[in-house]
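To start, the structure itself, in structure tokens.
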Amino acid sequence: MVDEQLAARGIADPRVLAVMRRVPRHRFVPPELAANAYEDRPLGIGHGQTISQPYMVAYMTQELALQGGERVLEVGTGSGYQAAVLAELGARVYTIERLAPLAQAARTRLESLGYSDIEYRVADGSEGWAEQAPFDRIIVTASAPAVPVALASQVAEGGSLLVPVGDRERQDLMRMRREGGFMNRAKLCAVVFVKLVGREGWGEPDPEEAR
């Protein structure tokens, strides 16, 4: 996975590549999909959600440019895989998931793997985590119709926000960096993510979605 799907496609940060080798991705997918865990594609984890393809996890992680010690907010805990990658890079991870069953399963999984210093919250991730702000980095693993104002406001000076923005079918991965009190915007690449549900996302979920 690392040599053929990541390094060969431009992931060059040696720390990111080392972490992607180390984190056992098969532990973060349903047992029946374990044989497919290292394929370069997203996989379903239930409740209409997915674990992102390895390349996208590595790409977004590389764009965060973590050195260690940063306070990082992850919006969309999902399976917990991205949180594990961030923690392995020395970040102080705060992760939000709106679906309680996914959040609990991720927490149990991460703690069983020895990740004991992650903060969890079940809430509307589009509104961020104001009580713990500001954050050095914010990473959003679901797409929004526009950059959520609440999340942008929780970025520390010199920090950045990664968020997919666009319509329901296609988005652009945006990097918002706070410099001199202003948020500078850069378009990184075209992506397709599940939708960010919440007040500053795509509104309320379908009643059947959380089952």
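Ordered as shown in the structure tokens, chains take letters A, B, and onward, while each chain numbers its residues from 1 and ligands are numbered from 1 in the order shown.
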
Problem set entry | Shell of 6 Å around Ser143 (chain A), only C-alpha atoms, local chain residues under 3 positions omitted, as a list of chain:residue names |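 Using only C-alpha atoms, the neighbours found are A:Pro164, A:Val165, A:Phe193, A:Lys195, A:Leu196.
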
Could you give me, as CSV, a per-residue list for region 50-91 of chain A showing, wherever an atom lies at most 12 Å from an atom of region 116-121 of chain A, the closest pair of atoms and their distance in Å to one decimal, using only C-alpha atoms and sorting by chain then residue number from low to high?
```
residue,atom,partner,partner_atom,distance
A:Arg71,CA,A:Ile118,CA,10.7
A:Val72,CA,A:Ile118,CA,10.2
A:Leu73,CA,A:Glu119,CA,9.5
A:Glu74,CA,A:Tyr120,CA,9.7
A:Val75,CA,A:Arg121,CA,9.9
A:Gly76,CA,A:Arg121,CA,10.2
A:Thr77,CA,A:Tyr120,CA,8.6
A:Gly78,CA,A:Tyr120,CA,11.7
A:Gly80,CA,A:Ile118,CA,10.4
A:Gln82,CA,A:Ile118,CA,11.9
A:Ala83,CA,A:Ile118,CA,8.1
A:Ala84,CA,A:Ile118,CA,9.0
A:Val85,CA,A:Ile118,CA,11.7
A:Leu86,CA,A:Ile118,CA,9.9
A:Ala87,CA,A:Ile118,CA,7.7
A:Glu88,CA,A:Asp117,CA,10.9
A:Gly90,CA,A:Asp117,CA,10.4
A:Ala91,CA,A:Ile118,CA,9.3
```

Write out the residues from the selection above, keeping N, CA and C atoms, as a PDB file, in the first residue's frame.
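As a result, selection.pdb now contains:
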```
ATOM      1  N   ARG A  71      -2.347  20.921  18.481  1.00  0.00           N
ATOM      2  CA  ARG A  71      -3.728  20.606  18.863  1.00  0.00           C
ATOM      3  C   ARG A  71      -4.540  20.496  17.583  1.00  0.00           C
ATOM      4  N   VAL A  72      -5.062  19.288  17.318  1.00  0.00           N
ATOM      5  CA  VAL A  72      -5.748  19.028  16.056  1.00  0.00           C
ATOM      6  C   VAL A  72      -7.185  18.607  16.321  1.00  0.00           C
ATOM      7  N   LEU A  73      -8.115  19.290  15.671  1.00  0.00           N
ATOM      8  CA  LEU A  73      -9.522  18.914  15.718  1.00  0.00           C
ATOM      9  C   LEU A  73      -9.847  18.121  14.464  1.00  0.00           C
ATOM     10  N   GLU A  74     -10.371  16.920  14.655  1.00  0.00           N
ATOM     11  CA  GLU A  74     -10.852  16.111  13.542  1.00  0.00           C
ATOM     12  C   GLU A  74     -12.375  16.124  13.565  1.00  0.00           C
ATOM     13  N   VAL A  75     -12.981  16.525  12.456  1.00  0.00           N
ATOM     14  CA  VAL A  75     -14.440  16.523  12.332  1.00  0.00           C
ATOM     15  C   VAL A  75     -14.828  15.296  11.520  1.00  0.00           C
ATOM     16  N   GLY A  76     -15.455  14.331  12.192  1.00  0.00           N
ATOM     17  CA  GLY A  76     -15.838  13.083  11.557  1.00  0.00           C
ATOM     18  C   GLY A  76     -14.939  11.939  11.996  1.00  0.00           C
ATOM     19  N   THR A  77     -15.162  11.440  13.207  1.00  0.00           N
ATOM     20  CA  THR A  77     -14.321  10.368  13.741  1.00  0.00           C
ATOM     21  C   THR A  77     -14.391   9.122  12.881  1.00  0.00           C
ATOM     22  N   GLY A  78     -15.610   8.776  12.430  1.00  0.00           N
ATOM     23  CA  GLY A  78     -15.787   7.589  11.608  1.00  0.00           C
ATOM     24  C   GLY A  78     -15.267   6.348  12.293  1.00  0.00           C
ATOM     25  N   GLY A  80     -12.160   5.886  13.209  1.00  0.00           N
ATOM     26  CA  GLY A  80     -11.055   6.213  14.100  1.00  0.00           C
ATOM     27  C   GLY A  80      -9.691   6.141  13.435  1.00  0.00           C
ATOM     28  N   GLN A  82      -8.203   7.918  10.910  1.00  0.00           N
ATOM     29  CA  GLN A  82      -7.496   9.189  10.773  1.00  0.00           C
ATOM     30  C   GLN A  82      -7.008   9.686  12.134  1.00  0.00           C
ATOM     31  N   ALA A  83      -7.800   9.506  13.171  1.00  0.00           N
ATOM     32  CA  ALA A  83      -7.379   9.919  14.515  1.00  0.00           C
ATOM     33  C   ALA A  83      -6.128   9.168  14.944  1.00  0.00           C
ATOM     34  N   ALA A  84      -6.051   7.875  14.616  1.00  0.00           N
ATOM     35  CA  ALA A  84      -4.863   7.092  14.949  1.00  0.00           C
ATOM     36  C   ALA A  84      -3.634   7.624  14.222  1.00  0.00           C
ATOM     37  N   VAL A  85      -3.791   7.961  12.948  1.00  0.00           N
ATOM     38  CA  VAL A  85      -2.678   8.504  12.168  1.00  0.00           C
ATOM     39  C   VAL A  85      -2.191   9.821  12.773  1.00  0.00           C
ATOM     40  N   LEU A  86      -3.133  10.685  13.143  1.00  0.00           N
ATOM     41  CA  LEU A  86      -2.765  11.966  13.746  1.00  0.00           C
ATOM     42  C   LEU A  86      -2.043  11.762  15.081  1.00  0.00           C
ATOM     43  N   ALA A  87      -2.561  10.857  15.892  1.00  0.00           N
ATOM     44  CA  ALA A  87      -1.946  10.603  17.190  1.00  0.00           C
ATOM     45  C   ALA A  87      -0.531  10.044  17.035  1.00  0.00           C
ATOM     46  N   GLU A  88      -0.337   9.180  16.038  1.00  0.00           N
ATOM     47  CA  GLU A  88       0.994   8.611  15.794  1.00  0.00           C
ATOM     48  C   GLU A  88       2.008   9.690  15.415  1.00  0.00           C
ATOM     49  N   GLY A  90       2.125  12.545  16.780  1.00  0.00           N
ATOM     50  CA  GLY A  90       2.384  13.367  17.954  1.00  0.00           C
ATOM     51  C   GLY A  90       1.409  14.488  18.184  1.00  0.00           C
ATOM     52  N   ALA A  91       0.277  14.480  17.481  1.00  0.00           N
ATOM     53  CA  ALA A  91      -0.726  15.525  17.678  1.00  0.00           C
ATOM     54  C   ALA A  91      -1.544  15.251  18.930  1.00  0.00           C
TER      55      ALA A  91
END
```

Exercise. Per DSSP on the backbone, what are the alpha helix (DSSP H) residues of region 126-158 of chain A, as a ChimeraX atom specification?
Worked result: /A:149-153

Near Val191 (chain A), counting only C-alpha atoms, which residues have an atom at most 8 Å away, once you skip same-chain residues fewer than 2 positions from it, shown as a PDB file with N, CA and C atoms, in the first residue's frame?
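What follows is the written file result_19.pdb:
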```pdb
ATOM      1  N   PRO A 164     -13.322  19.657   2.537  1.00  0.00           N
ATOM      2  CA  PRO A 164     -13.858  19.511   1.186  1.00  0.00           C
ATOM      3  C   PRO A 164     -15.107  20.387   1.028  1.00  0.00           C
ATOM      4  N   ARG A 170     -19.376  16.337  -6.114  1.00  0.00           N
ATOM      5  CA  ARG A 170     -17.964  16.619  -6.326  1.00  0.00           C
ATOM      6  C   ARG A 170     -17.568  17.823  -5.506  1.00  0.00           C
ATOM      7  N   GLN A 171     -16.363  17.788  -4.934  1.00  0.00           N
ATOM      8  CA  GLN A 171     -15.901  18.907  -4.113  1.00  0.00           C
ATOM      9  C   GLN A 171     -14.438  19.227  -4.435  1.00  0.00           C
ATOM     10  N   ASP A 172     -13.999  20.357  -3.936  1.00  0.00           N
ATOM     11  CA  ASP A 172     -12.589  20.722  -3.950  1.00  0.00           C
ATOM     12  C   ASP A 172     -12.088  20.708  -2.516  1.00  0.00           C
ATOM     13  N   LEU A 173     -10.927  20.126  -2.306  1.00  0.00           N
ATOM     14  CA  LEU A 173     -10.317  20.157  -0.988  1.00  0.00           C
ATOM     15  C   LEU A 173      -9.685  21.531  -0.806  1.00  0.00           C
ATOM     16  N   CYS A 189      -7.157  20.056  -4.487  1.00  0.00           N
ATOM     17  CA  CYS A 189      -7.460  19.024  -5.484  1.00  0.00           C
ATOM     18  C   CYS A 189      -8.957  18.722  -5.462  1.00  0.00           C
ATOM     19  N   PHE A 193     -16.347  13.247  -1.072  1.00  0.00           N
ATOM     20  CA  PHE A 193     -16.529  12.804   0.303  1.00  0.00           C
ATOM     21  C   PHE A 193     -18.017  12.653   0.616  1.00  0.00           C
TER      22      PHE A 193
END
```

Exercise. In terms of the shortest atom-to-atom distance over only C-alpha atoms, which of A:Arg92, A:Arg109, A:Arg199, A:Arg15 is closest to Phe135 (chain A)?
Worked result: A:Arg92

Exercise. Looking at A:Glu63, A:Leu33, A:Met56, A:Gly201, which one is nearest to Arg175 (chain A), with distances taken over only C-alpha atoms?
Worked result: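 Closest residue, counting only C-alpha atoms: A:Glu63.
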
Problem set entry | Contact residues around Arg177 (chain A) with only C-alpha atoms at 12 Å, ignoring same-chain residues under 6 positions, as an MDAnalysis selection string | chainID A and resid 63:64 135:138 151:163 183:187

For this session: Give me every strand (DSSP E) residue in region 49-209 of chain A, going by DSSP on the backbone, as a PyMOL selection string.
Result: chain A and resi 49-51+71-75+92-97+119-122+135-140+155-166+171-179+182-191

May I have the selected residues written with C-alpha atoms, as an mmCIF file, in the first residue's frame?
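What landed in again.cif:
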```cif
data_model
loop_
_atom_site.group_PDB
_atom_site.id
_atom_site.type_symbol
_atom_site.label_atom_id
_atom_site.label_comp_id
_atom_site.auth_asym_id
_atom_site.auth_seq_id
_atom_site.Cartn_x
_atom_site.Cartn_y
_atom_site.Cartn_z
ATOM 1 C CA GLN A 49 -20.251 6.449 6.298
ATOM 2 C CA THR A 50 -16.886 5.358 4.921
ATOM 3 C CA ILE A 51 -13.232 5.061 5.821
ATOM 4 C CA ARG A 71 -3.728 20.606 18.863
ATOM 5 C CA VAL A 72 -5.748 19.028 16.056
ATOM 6 C CA LEU A 73 -9.522 18.914 15.718
ATOM 7 C CA GLU A 74 -10.852 16.111 13.542
ATOM 8 C CA VAL A 75 -14.440 16.523 12.332
ATOM 9 C CA ARG A 92 -3.049 16.208 20.597
ATOM 10 C CA VAL A 93 -6.232 14.921 18.969
ATOM 11 C CA TYR A 94 -9.777 16.140 19.565
ATOM 12 C CA THR A 95 -12.299 14.225 17.480
ATOM 13 C CA ILE A 96 -16.018 14.807 16.922
ATOM 14 C CA GLU A 97 -18.591 12.367 15.533
ATOM 15 C CA GLU A 119 -10.482 13.500 23.412
ATOM 16 C CA TYR A 120 -13.893 12.432 22.042
ATOM 17 C CA ARG A 121 -17.190 14.217 21.576
ATOM 18 C CA VAL A 122 -20.574 13.264 20.092
ATOM 19 C CA PHE A 135 -6.747 24.602 17.261
ATOM 20 C CA ASP A 136 -3.482 24.529 15.351
ATOM 21 C CA ARG A 137 -5.086 22.336 12.709
ATOM 22 C CA ILE A 138 -8.632 21.308 11.817
ATOM 23 C CA ILE A 139 -9.302 18.434 9.411
ATOM 24 C CA VAL A 140 -12.818 17.760 8.113
ATOM 25 C CA VAL A 155 -8.254 28.088 13.840
ATOM 26 C CA ALA A 156 -5.311 29.544 15.767
ATOM 27 C CA GLU A 157 -2.983 32.147 14.261
ATOM 28 C CA GLY A 158 -0.594 30.318 11.953
ATOM 29 C CA GLY A 159 -2.923 27.320 11.862
ATOM 30 C CA SER A 160 -4.912 25.775 9.048
ATOM 31 C CA LEU A 161 -8.231 24.143 8.195
ATOM 32 C CA LEU A 162 -8.650 21.395 5.578
ATOM 33 C CA VAL A 163 -12.219 20.911 4.344
ATOM 34 C CA PRO A 164 -13.858 19.511 1.186
ATOM 35 C CA VAL A 165 -16.246 22.120 -0.257
ATOM 36 C CA GLY A 166 -18.673 21.768 -3.140
ATOM 37 C CA GLN A 171 -15.901 18.907 -4.113
ATOM 38 C CA ASP A 172 -12.589 20.722 -3.950
ATOM 39 C CA LEU A 173 -10.317 20.157 -0.988
ATOM 40 C CA MET A 174 -9.687 23.620 0.440
ATOM 41 C CA ARG A 175 -6.928 24.726 2.784
ATOM 42 C CA MET A 176 -7.692 27.789 4.879
ATOM 43 C CA ARG A 177 -4.668 29.255 6.679
ATOM 44 C CA ARG A 178 -4.878 32.003 9.301
ATOM 45 C CA GLU A 179 -2.118 34.542 8.753
ATOM 46 C CA PHE A 182 -6.878 36.759 7.848
ATOM 47 C CA MET A 183 -7.896 33.390 6.406
ATOM 48 C CA ASN A 184 -6.035 32.715 3.165
ATOM 49 C CA ARG A 185 -7.649 30.167 0.872
ATOM 50 C CA ALA A 186 -6.020 27.615 -1.437
ATOM 51 C CA LYS A 187 -7.653 24.962 -3.625
ATOM 52 C CA LEU A 188 -5.698 21.693 -3.405
ATOM 53 C CA CYS A 189 -7.460 19.024 -5.484
ATOM 54 C CA ALA A 190 -10.806 17.595 -6.568
ATOM 55 C CA VAL A 191 -12.318 15.062 -4.145
#
```

Problem set entry | Distance criterion (only C-alpha atoms): nearest to Pro101 (chain A) out of A:Arg21, A:Arg9, A:His26, A:His47 |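 Distance minimum relative to Pro101 (chain A) lands on A:His47.
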
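Near Ala100 (chain A), within 9 Å and counting only C-alpha atoms, sit Glu97, Ala103, Gln104, Ala105, Val122, Ala123 and Ala210 of chain A, not including residues fewer than 3 positions from it in the same chain.
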
The selected residues should be written to file as a short mmCIF file (atom, residue, chain, number, x, y, z; two decimals), in the first residue's frame (atoms: C-alpha atoms).
```
data_model
loop_
_atom_site.label_atom_id
_atom_site.label_comp_id
_atom_site.auth_asym_id
_atom_site.auth_seq_id
_atom_site.Cartn_x
_atom_site.Cartn_y
_atom_site.Cartn_z
CA GLU A 97 -18.59 12.37 15.53
CA ALA A 103 -18.12 7.30 18.03
CA GLN A 104 -18.33 4.61 20.69
CA ALA A 105 -17.00 1.89 18.39
CA VAL A 122 -20.57 13.26 20.09
CA ALA A 123 -21.94 16.45 18.54
CA ALA A 210 -28.52 6.69 12.12
#
```

Exercise. With only C-alpha atoms as the atoms that count, which of A:Pro30, A:Gly44, A:Gly198, A:Gly10 lies nearest to Ala58 (chain A)?
Worked result: A:Gly10

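Here CA of Tyr81 (chain A) and CA of Gly125 (chain A) stand 17.1 Å from one another.
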
Problem set entry | Minimum-distance residue to Arg25 (chain A), chosen among A:Leu43, A:Val194, A:Ala146, A:Ala130 (using only C-alpha atoms) |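 Result for the nearest residue to Arg25 (chain A): A:Leu43.
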
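Considering only C-alpha atoms, the residue among A:Glu200, A:Glu39, A:Glu70, A:Glu169 positioned nearest to Gln5 (chain A) is A:Glu39.
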
For this session: Give me, please, the distance in Å between CA of Leu6 (chain A) and CA of Gly46 (chain A), quoted to one decimal.
Result: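 These atoms are spaced 25.8 Å apart.
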